[in-house]
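Quick look at model39.txt (compact mmCIF, C-alpha atoms):
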# COMPACT_ATOMS: atom_id res chain seq x y z
CA MET A 1 -69.50 -10.85 -11.38
CA THR A 2 -68.18 -14.40 -11.00
CA ARG A 3 -65.55 -14.73 -8.32
CA VAL A 4 -62.10 -15.89 -9.42
CA TYR A 5 -60.43 -18.29 -6.99
CA GLU A 6 -56.76 -17.48 -7.45
CA THR A 7 -53.69 -16.67 -5.37
CA THR A 8 -50.20 -15.45 -6.24
CA VAL A 9 -47.28 -15.77 -3.84
CA THR A 10 -43.51 -15.50 -3.84
CA ALA A 11 -41.28 -17.77 -1.80
CA PRO A 12 -37.60 -17.46 -0.92
CA VAL A 13 -34.44 -19.44 -1.50
CA ASN A 14 -32.73 -20.82 1.58
CA ILE A 15 -29.09 -21.84 1.90
CA ALA A 16 -28.21 -24.41 4.53
CA VAL A 17 -25.35 -23.79 6.92
CA ILE A 18 -25.87 -27.22 8.50
CA LYS A 19 -26.50 -29.50 5.53
CA TYR A 20 -29.33 -31.93 4.91
CA TRP A 21 -28.04 -34.99 3.10
CA GLY A 22 -29.66 -38.40 3.31
CA LYS A 23 -33.15 -39.76 3.92
CA ARG A 24 -34.45 -42.33 6.38
CA ASP A 25 -37.69 -42.51 4.36
CA SER A 26 -37.58 -41.54 0.69
CA ALA A 27 -41.34 -41.58 0.14
CA LEU A 28 -42.11 -39.17 3.00
CA ILE A 29 -38.82 -37.22 2.58
CA LEU A 30 -37.72 -37.82 6.16
CA PRO A 31 -34.10 -36.79 6.72
CA THR A 32 -31.38 -38.71 8.51
CA ASN A 33 -30.32 -35.55 10.33
CA SER A 34 -31.60 -32.12 11.25
CA SER A 35 -30.41 -29.10 9.27
CA LEU A 36 -30.37 -25.32 9.55
CA SER A 37 -30.52 -22.63 6.90
CA VAL A 38 -30.57 -18.93 6.23
CA THR A 39 -33.51 -17.60 4.21
CA LEU A 40 -32.36 -15.10 1.58
CA SER A 41 -34.17 -11.97 0.47
CA GLN A 42 -36.91 -12.39 -2.11
CA ASP A 43 -35.97 -8.99 -3.51
CA HIS A 44 -33.07 -10.78 -5.21
CA LEU A 45 -33.99 -14.50 -5.36
CA SER A 46 -37.49 -15.91 -5.40
CA THR A 47 -40.07 -18.12 -7.05
CA ARG A 48 -43.40 -16.56 -7.96
CA THR A 49 -46.36 -18.91 -8.28
CA THR A 50 -49.98 -18.29 -9.27
CA ILE A 51 -52.62 -20.97 -8.73
CA ARG A 52 -56.22 -20.74 -9.93
CA ALA A 53 -58.97 -23.24 -9.15
CA SER A 54 -62.01 -23.45 -11.39
CA ALA A 55 -64.92 -25.81 -11.91
CA GLU A 56 -64.44 -25.18 -15.63
CA PHE A 57 -60.89 -26.53 -15.78
CA THR A 58 -60.79 -30.09 -17.10
CA LYS A 59 -57.49 -31.15 -15.52
CA ASP A 60 -54.57 -29.94 -13.40
CA ARG A 61 -51.92 -28.14 -15.47
CA LEU A 62 -48.48 -26.70 -14.69
CA TRP A 63 -46.28 -24.15 -16.46
CA LEU A 64 -42.71 -23.66 -15.21
CA ASN A 65 -40.90 -20.60 -16.55
CA GLY A 66 -43.38 -20.42 -19.42
CA VAL A 67 -43.12 -24.06 -20.50
CA GLU A 68 -45.91 -26.53 -19.81
CA GLU A 69 -44.75 -29.57 -17.86
CA ASP A 70 -46.39 -32.96 -17.40
CA ILE A 71 -47.84 -32.50 -13.94
CA GLY A 72 -48.31 -36.25 -13.53
CA ALA A 73 -44.66 -36.98 -14.20
CA SER A 74 -43.63 -35.84 -10.72
CA LYS A 75 -44.92 -38.00 -7.89
CA ARG A 76 -43.68 -35.48 -5.36
CA LEU A 77 -45.65 -32.70 -7.01
CA THR A 78 -48.85 -34.71 -7.20
CA ASN A 79 -48.37 -35.85 -3.59
CA SER A 80 -47.99 -32.25 -2.40
CA ILE A 81 -51.14 -31.17 -4.23
CA ALA A 82 -53.06 -34.22 -3.00
CA THR A 83 -52.03 -33.56 0.60
CA ALA A 84 -53.19 -29.93 0.40
CA ARG A 85 -56.46 -31.06 -1.17
CA LYS A 86 -57.09 -33.48 1.69
CA LEU A 87 -56.64 -30.63 4.17
CA ARG A 88 -59.07 -28.49 2.15
CA GLU A 89 -61.57 -31.36 1.94
CA ALA A 90 -61.46 -31.73 5.73
CA LEU A 91 -62.14 -28.00 6.05
CA GLU A 92 -65.10 -28.23 3.67
CA GLN A 93 -66.55 -31.15 5.61
CA LYS A 94 -66.22 -29.14 8.83
CA GLN A 95 -67.93 -26.16 7.20
CA ARG A 96 -70.85 -28.32 6.06
CA SER A 97 -71.16 -29.91 9.49
CA ASN A 98 -71.39 -26.39 10.93
CA GLY A 99 -74.29 -25.56 8.64
CA VAL A 100 -72.43 -23.84 5.80
CA GLU A 101 -74.39 -25.24 2.88
CA ASP A 102 -72.63 -23.28 0.15
CA ALA A 103 -69.04 -24.21 1.04
CA VAL A 104 -67.02 -23.86 -2.17
CA PRO A 105 -65.74 -27.33 -3.19
CA LEU A 106 -62.24 -26.14 -4.12
CA SER A 107 -60.83 -29.55 -3.19
CA LYS A 108 -62.73 -31.06 -6.14
CA TRP A 109 -61.83 -28.45 -8.76
CA SER A 110 -58.87 -28.71 -11.12
CA ILE A 111 -56.11 -26.12 -10.84
CA HIS A 112 -53.76 -24.25 -13.15
CA ILE A 113 -50.30 -23.55 -11.72
CA CYS A 114 -47.88 -21.07 -13.25
CA SER A 115 -44.46 -20.65 -11.66
CA GLU A 116 -41.40 -18.54 -12.51
CA ASN A 117 -37.94 -18.31 -10.97
CA ASN A 118 -35.78 -15.21 -11.21
CA PHE A 119 -32.64 -17.36 -10.98
CA PRO A 120 -31.28 -20.47 -12.80
CA THR A 121 -33.32 -23.61 -12.13
CA ALA A 122 -31.50 -26.69 -10.75
CA ALA A 123 -28.11 -24.95 -10.67
CA GLY A 124 -27.27 -25.38 -7.00
CA LEU A 125 -29.42 -22.41 -5.92
CA ALA A 126 -32.16 -24.37 -4.14
CA SER A 127 -34.77 -23.84 -6.86
CA SER A 128 -36.83 -26.82 -5.69
CA ALA A 129 -36.99 -25.35 -2.18
CA SER A 130 -38.46 -22.01 -3.23
CA GLY A 131 -40.62 -23.73 -5.85
CA TYR A 132 -42.36 -26.15 -3.50
CA SER A 133 -42.58 -23.53 -0.76
CA ALA A 134 -44.35 -21.21 -3.21
CA LEU A 135 -46.64 -24.04 -4.32
CA VAL A 136 -47.69 -24.99 -0.79
CA SER A 137 -47.98 -21.38 0.38
CA ALA A 138 -50.22 -20.60 -2.60
CA LEU A 139 -52.36 -23.70 -2.02
CA GLY A 140 -52.64 -22.88 1.67
CA THR A 141 -53.82 -19.35 0.88
CA LEU A 142 -56.13 -20.38 -1.98
CA PHE A 143 -57.70 -23.16 0.08
CA GLU A 144 -57.89 -20.93 3.19
CA LEU A 145 -56.24 -23.67 5.23
CA PRO A 146 -56.09 -23.08 9.02
CA GLN A 147 -52.78 -24.88 9.43
CA SER A 148 -49.75 -22.92 10.68
CA ALA A 149 -46.61 -22.37 8.62
CA ALA A 150 -44.89 -25.12 10.63
CA GLU A 151 -47.73 -27.53 9.88
CA LEU A 152 -47.73 -26.59 6.19
CA SER A 153 -43.97 -27.11 6.13
CA ARG A 154 -44.71 -30.84 6.39
CA VAL A 155 -46.67 -30.57 3.14
CA ALA A 156 -43.80 -28.70 1.46
CA ARG A 157 -41.38 -31.35 2.74
CA VAL A 158 -43.25 -34.02 0.78
CA GLY A 159 -42.32 -32.15 -2.40
CA SER A 160 -38.73 -31.20 -1.57
CA GLY A 161 -37.07 -31.68 1.77
CA SER A 162 -35.38 -28.29 1.93
CA ALA A 163 -38.62 -26.58 0.86
CA CYS A 164 -39.94 -26.89 4.39
CA ARG A 165 -37.25 -24.40 5.51
CA SER A 166 -38.39 -21.85 2.90
CA MET A 167 -41.77 -21.64 4.63
CA PHE A 168 -40.15 -19.22 7.10
CA GLY A 169 -37.89 -16.22 6.88
CA GLY A 170 -34.74 -15.64 8.89
CA PHE A 171 -32.91 -18.63 10.35
CA VAL A 172 -34.74 -21.93 10.12
CA ALA A 173 -34.14 -25.42 11.49
CA TRP A 174 -35.60 -28.52 9.91
CA ARG A 175 -36.13 -30.90 12.83
CA ALA A 176 -35.44 -34.43 11.59
CA GLY A 177 -37.88 -36.09 13.96
CA VAL A 178 -38.09 -39.78 14.77
CA ALA A 179 -41.74 -40.68 14.07
CA ALA A 180 -42.30 -43.16 11.26
CA ASP A 181 -45.14 -41.08 9.82
CA GLY A 182 -43.02 -37.91 9.74
CA ASN A 183 -45.40 -35.92 11.92
CA ASP A 184 -42.48 -34.53 13.96
CA SER A 185 -40.33 -33.65 10.95
CA PHE A 186 -41.05 -29.99 10.22
CA ALA A 187 -39.51 -26.52 9.97
CA ASP A 188 -38.91 -24.42 13.06
CA GLN A 189 -37.92 -20.74 12.92
CA VAL A 190 -34.85 -20.17 15.11
CA ALA A 191 -34.82 -16.38 14.60
CA ASP A 192 -36.66 -14.06 12.22
CA HIS A 193 -35.09 -12.00 9.44
CA ARG A 194 -34.79 -8.89 11.60
CA HIS A 195 -32.66 -10.65 14.22
CA TRP A 196 -29.26 -10.11 12.56
CA PRO A 197 -29.57 -7.22 10.07
CA GLU A 198 -25.81 -6.90 9.60
CA LEU A 199 -25.52 -10.36 8.02
CA GLN A 200 -25.37 -10.38 4.22
CA ALA A 201 -24.53 -12.91 1.52
CA LEU A 202 -22.86 -13.10 -1.87
CA ILE A 203 -23.75 -15.84 -4.32
CA LEU A 204 -21.04 -16.51 -6.87
CA VAL A 205 -22.68 -18.25 -9.82
CA VAL A 206 -19.91 -20.46 -11.14
CA SER A 207 -22.29 -22.40 -13.36
CA ASP A 208 -25.94 -21.92 -14.27
CA LYS A 209 -26.15 -25.34 -15.89
CA LYS A 210 -28.14 -28.22 -14.47
CA LYS A 211 -26.01 -30.43 -12.23
CA THR A 212 -25.05 -33.87 -13.54
CA VAL A 213 -25.93 -35.77 -10.33
CA SER A 214 -29.22 -34.72 -8.74
CA SER A 215 -29.44 -34.28 -4.99
CA THR A 216 -32.02 -37.07 -4.77
CA ALA A 217 -29.79 -39.60 -6.52
CA GLY A 218 -26.62 -38.41 -4.83
CA MET A 219 -27.80 -38.58 -1.25
CA GLN A 220 -29.27 -42.07 -1.67
CA THR A 221 -25.93 -43.36 -2.95
CA THR A 222 -24.19 -41.67 -0.02
CA VAL A 223 -26.48 -43.35 2.51
CA GLU A 224 -25.77 -46.73 0.92
CA THR A 225 -21.99 -46.47 0.45
CA SER A 226 -20.28 -43.80 2.59
CA GLU A 227 -18.57 -44.93 5.79
CA LEU A 228 -18.09 -41.32 6.94
CA PHE A 229 -21.79 -40.59 6.64
CA GLY A 230 -22.82 -42.55 9.75
CA GLU A 231 -20.44 -40.61 12.01
CA ARG A 232 -21.74 -37.32 10.63
CA VAL A 233 -25.35 -38.26 11.39
CA ARG A 234 -24.67 -39.78 14.82
CA SER A 235 -22.42 -37.21 16.45
CA VAL A 236 -21.26 -34.32 14.28
CA VAL A 237 -24.55 -32.78 13.15
CA PRO A 238 -26.33 -32.86 16.56
CA ARG A 239 -23.35 -31.06 18.12
CA ARG A 240 -23.16 -28.51 15.33
CA MET A 241 -26.90 -27.80 15.41
CA GLN A 242 -26.63 -26.77 19.05
CA ALA A 243 -23.53 -24.67 18.43
CA MET A 244 -25.04 -22.96 15.38
CA GLU A 245 -28.27 -22.05 17.16
CA LYS A 246 -26.18 -20.53 19.95
CA ALA A 247 -24.04 -18.57 17.45
CA ILE A 248 -27.15 -17.18 15.76
CA ALA A 249 -28.82 -16.26 19.06
CA GLU A 250 -25.66 -14.40 20.14
CA ARG A 251 -24.94 -12.99 16.66
CA ASP A 252 -21.46 -14.47 16.98
CA PHE A 253 -20.10 -14.30 13.44
CA ALA A 254 -16.78 -15.99 14.25
CA ALA A 255 -18.57 -19.09 15.52
CA PHE A 256 -21.15 -18.90 12.72
CA ALA A 257 -18.39 -18.74 10.09
CA ASP A 258 -16.36 -21.60 11.57
CA ILE A 259 -19.33 -23.97 11.79
CA THR A 260 -20.62 -23.00 8.34
CA MET A 261 -17.33 -23.69 6.56
CA ARG A 262 -16.58 -26.87 8.48
CA ASP A 263 -20.01 -28.28 7.77
CA SER A 264 -19.77 -27.44 4.08
CA ASN A 265 -16.37 -29.11 3.90
CA GLN A 266 -17.62 -32.23 5.65
CA PHE A 267 -20.70 -32.45 3.44
CA HIS A 268 -18.51 -32.47 0.33
CA ALA A 269 -16.07 -34.88 1.98
CA VAL A 270 -18.98 -37.28 2.53
CA CYS A 271 -19.92 -36.86 -1.14
CA LEU A 272 -16.36 -37.78 -2.13
CA ASP A 273 -16.51 -40.76 0.24
CA THR A 274 -19.58 -41.96 -1.66
CA TYR A 275 -18.89 -44.79 -4.10
CA PRO A 276 -18.69 -43.91 -6.93
CA PRO A 277 -17.58 -40.50 -5.61
CA ILE A 278 -19.68 -37.41 -6.21
CA SER A 279 -17.95 -34.09 -6.86
CA TYR A 280 -20.23 -31.08 -6.95
CA MET A 281 -17.46 -28.50 -6.58
CA ASN A 282 -15.06 -27.67 -9.39
CA ASP A 283 -11.67 -25.92 -9.57
CA VAL A 284 -13.23 -22.46 -9.43
CA SER A 285 -15.31 -23.48 -6.39
CA ARG A 286 -12.24 -24.68 -4.54
CA SER A 287 -10.31 -21.55 -5.48
CA ILE A 288 -13.06 -19.36 -4.01
CA ALA A 289 -12.83 -21.29 -0.73
CA ASN A 290 -9.06 -20.78 -0.64
CA ILE A 291 -9.48 -17.05 -1.29
CA ILE A 292 -11.93 -16.75 1.62
CA HIS A 293 -9.42 -18.39 3.97
CA ALA A 294 -6.74 -16.00 2.69
CA PHE A 295 -9.08 -13.03 3.13
CA ASN A 296 -9.73 -14.05 6.72
CA GLY A 297 -5.98 -14.37 7.26
CA VAL A 298 -5.36 -10.84 6.02
CA ARG A 299 -8.18 -9.49 8.20
CA GLY A 300 -6.86 -11.40 11.21
CA ARG A 301 -10.30 -12.79 12.05
CA ALA A 302 -13.23 -14.68 10.54
CA ALA A 303 -14.57 -11.96 8.25
CA ALA A 304 -16.26 -14.22 5.69
CA ALA A 305 -17.57 -17.78 5.43
CA TYR A 306 -18.25 -19.96 2.41
CA THR A 307 -20.73 -22.76 1.96
CA TYR A 308 -21.58 -24.96 -1.03
CA ASP A 309 -24.74 -26.94 -1.59
CA ALA A 310 -24.95 -29.74 -4.18
CA GLY A 311 -23.44 -27.63 -6.95
CA PRO A 312 -20.38 -25.49 -7.76
CA ASN A 313 -21.88 -22.13 -6.79
CA ALA A 314 -20.43 -20.47 -3.70
CA VAL A 315 -22.46 -18.66 -1.06
CA ILE A 316 -20.34 -16.29 1.00
CA TYR A 317 -21.65 -14.89 4.29
CA ALA A 318 -20.13 -11.75 5.78
CA LEU A 319 -21.15 -8.80 7.88
CA LYS A 320 -22.14 -5.59 6.11
CA ASP A 321 -18.98 -3.71 7.13
CA ASP A 322 -16.74 -6.30 5.42
CA MET A 323 -18.70 -6.50 2.17
CA ARG A 324 -16.98 -3.71 0.24
CA GLU A 325 -13.50 -5.25 0.48
CA LEU A 326 -14.89 -8.73 -0.15
CA VAL A 327 -16.73 -7.65 -3.31
CA GLU A 328 -13.66 -5.75 -4.53
CA LEU A 329 -11.45 -8.80 -4.00
CA LEU A 330 -13.76 -11.35 -5.60
CA SER A 331 -14.79 -9.21 -8.57
CA PHE A 332 -11.11 -8.46 -9.29
CA CYS A 333 -10.02 -12.09 -9.05
CA PHE A 334 -12.98 -13.28 -11.12
CA PRO A 335 -13.50 -10.60 -13.80
CA ARG A 336 -16.73 -10.55 -15.75
CA ASP A 337 -17.04 -11.83 -19.26
CA PRO A 338 -16.97 -8.75 -21.55
CA ALA A 339 -20.17 -10.01 -23.16
CA VAL A 340 -21.98 -9.62 -19.82
CA LEU A 341 -23.22 -6.18 -18.81
CA ALA A 342 -21.69 -4.75 -15.64
CA ALA A 343 -25.10 -4.44 -13.97
CA ASP A 344 -25.89 -8.08 -14.81
CA PHE A 345 -22.58 -9.29 -13.40
CA TYR A 346 -22.86 -7.39 -10.11
CA ALA A 347 -25.87 -5.14 -9.56
CA ASP A 348 -24.55 -3.54 -6.32
CA PRO A 349 -28.02 -3.36 -4.70
CA PHE A 350 -26.62 -2.00 -1.43
CA GLY A 351 -24.29 0.56 -3.02
CA VAL A 352 -21.10 -0.86 -1.50
CA LEU A 353 -19.03 0.10 -4.55
CA GLY A 354 -21.00 3.20 -5.45
CA SER A 355 -21.45 1.89 -8.99
CA ALA A 356 -21.64 -1.53 -10.64
CA ASP A 357 -18.91 -0.32 -13.01
CA ARG A 358 -16.46 -0.39 -10.08
CA ALA A 359 -16.62 -4.19 -9.91
CA GLY A 360 -13.38 -5.69 -11.18
CA GLN A 361 -11.19 -2.71 -10.33
CA PRO A 362 -8.18 -3.24 -8.00
CA PRO A 363 -9.19 -3.14 -4.32
CA ASN A 364 -8.67 0.16 -2.48
CA SER A 365 -7.24 -1.38 0.70
CA PRO A 366 -3.46 -1.94 0.36
CA SER A 367 -3.60 -5.28 2.19
CA ILE A 368 -6.53 -6.56 0.11
CA ALA A 369 -4.90 -5.24 -3.06
CA GLN A 370 -1.76 -7.17 -2.16
CA LEU A 371 -3.84 -10.33 -1.63
CA ALA A 372 -5.59 -9.78 -4.97
CA GLU A 373 -2.23 -9.45 -6.71
CA ALA A 374 -0.99 -12.65 -5.06
CA VAL A 375 -4.09 -14.58 -6.10
CA GLY A 376 -4.14 -13.17 -9.61
CA GLN A 377 -7.03 -13.09 -12.04
CA PHE A 378 -8.93 -16.11 -13.30
CA PRO A 379 -10.16 -16.26 -16.90
CA ALA A 380 -12.99 -13.79 -17.50
CA GLY A 381 -16.37 -15.44 -16.99
CA SER A 382 -15.12 -18.08 -14.52
CA VAL A 383 -17.76 -16.57 -12.24
CA ARG A 384 -20.79 -15.73 -14.35
CA ARG A 385 -22.55 -13.49 -11.87
CA ILE A 386 -22.31 -12.19 -8.30
CA ILE A 387 -25.61 -11.80 -6.46
CA HIS A 388 -25.50 -9.63 -3.34
CA THR A 389 -28.36 -10.25 -0.93
CA GLU A 390 -29.33 -10.36 2.73
CA VAL A 391 -31.44 -12.34 5.20
CA GLY A 392 -35.08 -12.20 4.13
CA ASP A 393 -38.63 -12.96 5.13
CA GLY A 394 -40.86 -15.92 4.38
CA PRO A 395 -43.50 -16.38 1.63
CA ARG A 396 -45.42 -13.28 0.58
CA VAL A 397 -48.96 -13.07 -0.79
CA LEU A 398 -49.07 -10.69 -3.78
CA PRO A 399 -51.96 -8.60 -5.12
CA ALA A 400 -54.02 -9.88 -8.05
CA SER A 401 -52.20 -7.47 -10.37
CA GLN A 402 -49.08 -9.64 -9.98
CA SER A 403 -50.78 -12.78 -11.29
CA LEU A 404 -48.93 -14.90 -13.84
CA LEU A 405 -52.25 -16.05 -15.39
CA ASN A 406 -54.52 -14.15 -17.75
CA GLU A 407 -58.30 -13.85 -17.53
CA ALA A 408 -58.73 -17.30 -19.09
CA GLY A 409 -56.43 -18.87 -16.52
CA MET A 410 -53.58 -19.37 -18.98
CA PRO A 411 -49.98 -18.14 -18.65
CA LYS A 412 -49.33 -14.54 -19.63
CA ARG A 413 -45.80 -15.45 -20.74
CA ALA A 414 -46.11 -18.91 -22.27
CA LYS A 415 -43.36 -20.33 -24.47
CA GLU A 416 -43.89 -22.62 -27.43
Output the file's structure in the form of structure tokens.
Amino acid sequence: MTRVYETTVTAPVNIAVIKYWGKRDSALILPTNSSLSVTLSQDHLSTRTTIRASAEFTKDRLWLNGVEEDIGASKRLTNSIATARKLREALEQKQRSNGVEDAVPLSKWSIHICSENNFPTAAGLASSASGYSALVSALGTLFELPQSAAELSRVARVGSGSACRSMFGGFVAWRAGVAADGNDSFADQVADHRHWPELQALILVVSDKKKTVSSTAGMQTTVETSELFGERVRSVVPRRMQAMEKAIAERDFAAFADITMRDSNQFHAVCLDTYPPISYMNDVSRSIANIIHAFNGVRGRAAAAYTYDAGPNAVIYALKDDMRELVELLSFCFPRDPAVLAADFYADPFGVLGSADRAGQPPNSPSIAQLAEAVGQFPAGSVRRIIHTEVGDGPRVLPASQSLLNEAGMPKRAKE
């Protein structure tokens, strides 16, 4: 039986708590500052990618969420594939020099790539990060590359900067580096996903539409025009990176929350200082931030922390013991659209409410109920969905039964 050279992997979403914004080298995707993120569970948010190499394929092909894309239209994609192929070619040359005459020339074969997200693409949920992490992880496995996850993170970085952080689970720093060739700009795991099991996250999907200003275009304009940006890079981020790593090591949620919210606020302030200004948050986004501050005021401590990437969707971090009241408050203030099923609006994967049908009911705690009454209810559907998740692991290799390609190497779920 002819061997099939194919691998299927999933890769996670990561959400930065110290933001990456700005490049010192756009071609190599070298950042102006280091950043730090939390990897979220693939049980709730992930990209699955299958790659098959075959001598019979006539060209490289890509299907994203069932639709074939022009693989040559993305220089970053072709660069990532080319970089992985060079690593495979070096391995094949080494095998031949060691007397392995029948080394499989995978570096010369064309590949079919099929990739699917289980969340909205390009809607502020770091789809490019999980996508390129899945691509590079799959290529690394398919090509049997000896490089470590940190070394492969440099390959993922060439596709999407934040993708290098999705090469690890847990808490991950992207070290900016100073080398012109980018050799010292890679991902570094600060702590694994088992380090802080009490930490959970809510993602409030305010919009699942594609953002009007891409991160790539936005950050370049910021670098060129924002006067606040230089101060952030020079002094603020290095100080916050140290403080955040300490907070994570000590599982100090109060410090973690303070740094997370301040860095999110400053990131968006820098975007507004860009000329013309860039506004990724909307009125609902800002209202969520205000509610989190009010929630912390009622609790008398930092019980929750918000952060926003380049989009309107809110990510709220909190410890497990505070999640019930937080979900009750947010689901009451932002009721679901009646056209959306309760389980699609909030699935309650950890059973904090006992039933998804409980979402939207008045909070049980008198103090939180009083806060909910003071805030009031926004129009139904202002928040389209609430995703409850936790800190997760890095890329996973799946069994062949989970392949997205059929026996002919074509997508099982292709769209016209």
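Among the candidates A:Phe253, A:Asn65, A:Cys114, A:Ser35, the one nearest to Asp188 in chain A when counting all atoms listed in the file is A:Ser35.
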* Counting all atoms listed in the file, what is within 10 Å of range 40-45 of chain A, bar same-chain residues fewer than 6 positions away, as an MDAnalysis selection string? -> chainID A and resid 10:15 117:120 125 127 130 166 169:171 193 200:201 349 387:396
* Excluding Gly66 in chain A and residues on its chain fewer than 4 positions from it, collect all residues at most 10 Å away from it, counting only C-alpha atoms, and give them as a ChimeraX atom specification. => /A:62,114-116,404,411-416
* Within 7 Å of Val383 in chain A, counting all atoms listed in the file, which residues show up once you throw out same-chain ones fewer than 6 positions away? Write them as a PyMOL selection string, please. => chain A and resi 204-206+334
* Asked: Interatomic distance between CA of Ala173 in chain A and CA of Asn282 in chain A?
  ->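 These atoms are spaced 28.4 Å apart.
When only C-alpha atoms are used to measure the gap to Val352 in chain A, the shortest distance among A:Arg88, A:Arg299, A:Arg324, A:Arg240 belongs to A:Arg324.
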* Which of these residues is nearest to Val136 in chain A, using all atoms listed in the file: A:Ser162, A:Asn364, A:Thr83, A:Ser185? ->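 Checking each candidate against Val136 in chain A, we get A:Thr83 as the closest.
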* Residue nearest Val155 in chain A among A:Arg385, A:Lys86, A:Lys108, A:Arg194 (counting only C-alpha atoms) ->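 Closest residue, counting only C-alpha atoms: A:Lys86.
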Requested file, range 44-62 of chain A restricted to N, CA and C atoms, as a CSV table (one decimal), in the first residue's frame:
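Okay, this is what ended up in out.csv:
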chain,number,residue,atom,x,y,z
A,44,HIS,N,-12.3,25.2,22.7
A,44,HIS,CA,-13.3,26.2,22.4
A,44,HIS,C,-12.9,27.1,21.2
A,45,LEU,N,-11.6,27.3,20.9
A,45,LEU,CA,-11.2,28.2,19.8
A,45,LEU,C,-9.9,27.5,19.2
A,46,SER,N,-10.0,27.2,17.9
A,46,SER,CA,-8.8,26.6,17.3
A,46,SER,C,-8.9,26.7,15.8
A,47,THR,N,-7.8,26.5,15.2
A,47,THR,CA,-7.7,26.3,13.7
A,47,THR,C,-7.2,24.9,13.5
A,48,ARG,N,-7.9,24.1,12.6
A,48,ARG,CA,-7.5,22.8,12.3
A,48,ARG,C,-6.9,22.8,10.8
A,49,THR,N,-5.8,22.3,10.6
A,49,THR,CA,-5.1,22.3,9.3
A,49,THR,C,-4.6,20.9,9.0
A,50,THR,N,-4.9,20.5,7.7
A,50,THR,CA,-4.4,19.2,7.2
A,50,THR,C,-3.5,19.6,6.0
A,51,ILE,N,-2.3,19.0,6.0
A,51,ILE,CA,-1.4,19.2,4.8
A,51,ILE,C,-1.0,17.9,4.3
A,52,ARG,N,-1.1,17.7,3.0
A,52,ARG,CA,-0.6,16.4,2.3
A,52,ARG,C,0.4,16.8,1.3
A,53,ALA,N,1.5,16.1,1.2
A,53,ALA,CA,2.5,16.2,0.2
A,53,ALA,C,2.4,15.0,-0.7
A,54,SER,N,2.5,15.3,-2.0
A,54,SER,CA,2.4,14.1,-3.0
A,54,SER,C,3.2,14.5,-4.2
A,55,ALA,N,3.9,13.5,-4.8
A,55,ALA,CA,4.6,13.7,-6.0
A,55,ALA,C,3.6,13.8,-7.2
A,56,GLU,N,2.4,13.4,-7.0
A,56,GLU,CA,1.4,13.5,-8.0
A,56,GLU,C,0.7,14.9,-8.1
A,57,PHE,N,0.8,15.7,-7.0
A,57,PHE,CA,0.2,17.0,-7.1
A,57,PHE,C,1.0,17.9,-8.0
A,58,THR,N,0.2,18.7,-8.8
A,58,THR,CA,0.9,19.5,-9.8
A,58,THR,C,1.3,20.9,-9.3
A,59,LYS,N,0.6,21.3,-8.2
A,59,LYS,CA,0.9,22.7,-7.7
A,59,LYS,C,0.5,22.7,-6.2
A,60,ASP,N,1.0,23.7,-5.5
A,60,ASP,CA,0.5,24.0,-4.1
A,60,ASP,C,-0.9,24.5,-4.2
A,61,ARG,N,-1.8,24.1,-3.3
A,61,ARG,CA,-3.2,24.6,-3.3
A,61,ARG,C,-3.6,24.8,-1.8
A,62,LEU,N,-4.5,25.7,-1.6
A,62,LEU,CA,-5.0,26.1,-0.3
A,62,LEU,C,-6.5,26.2,-0.3
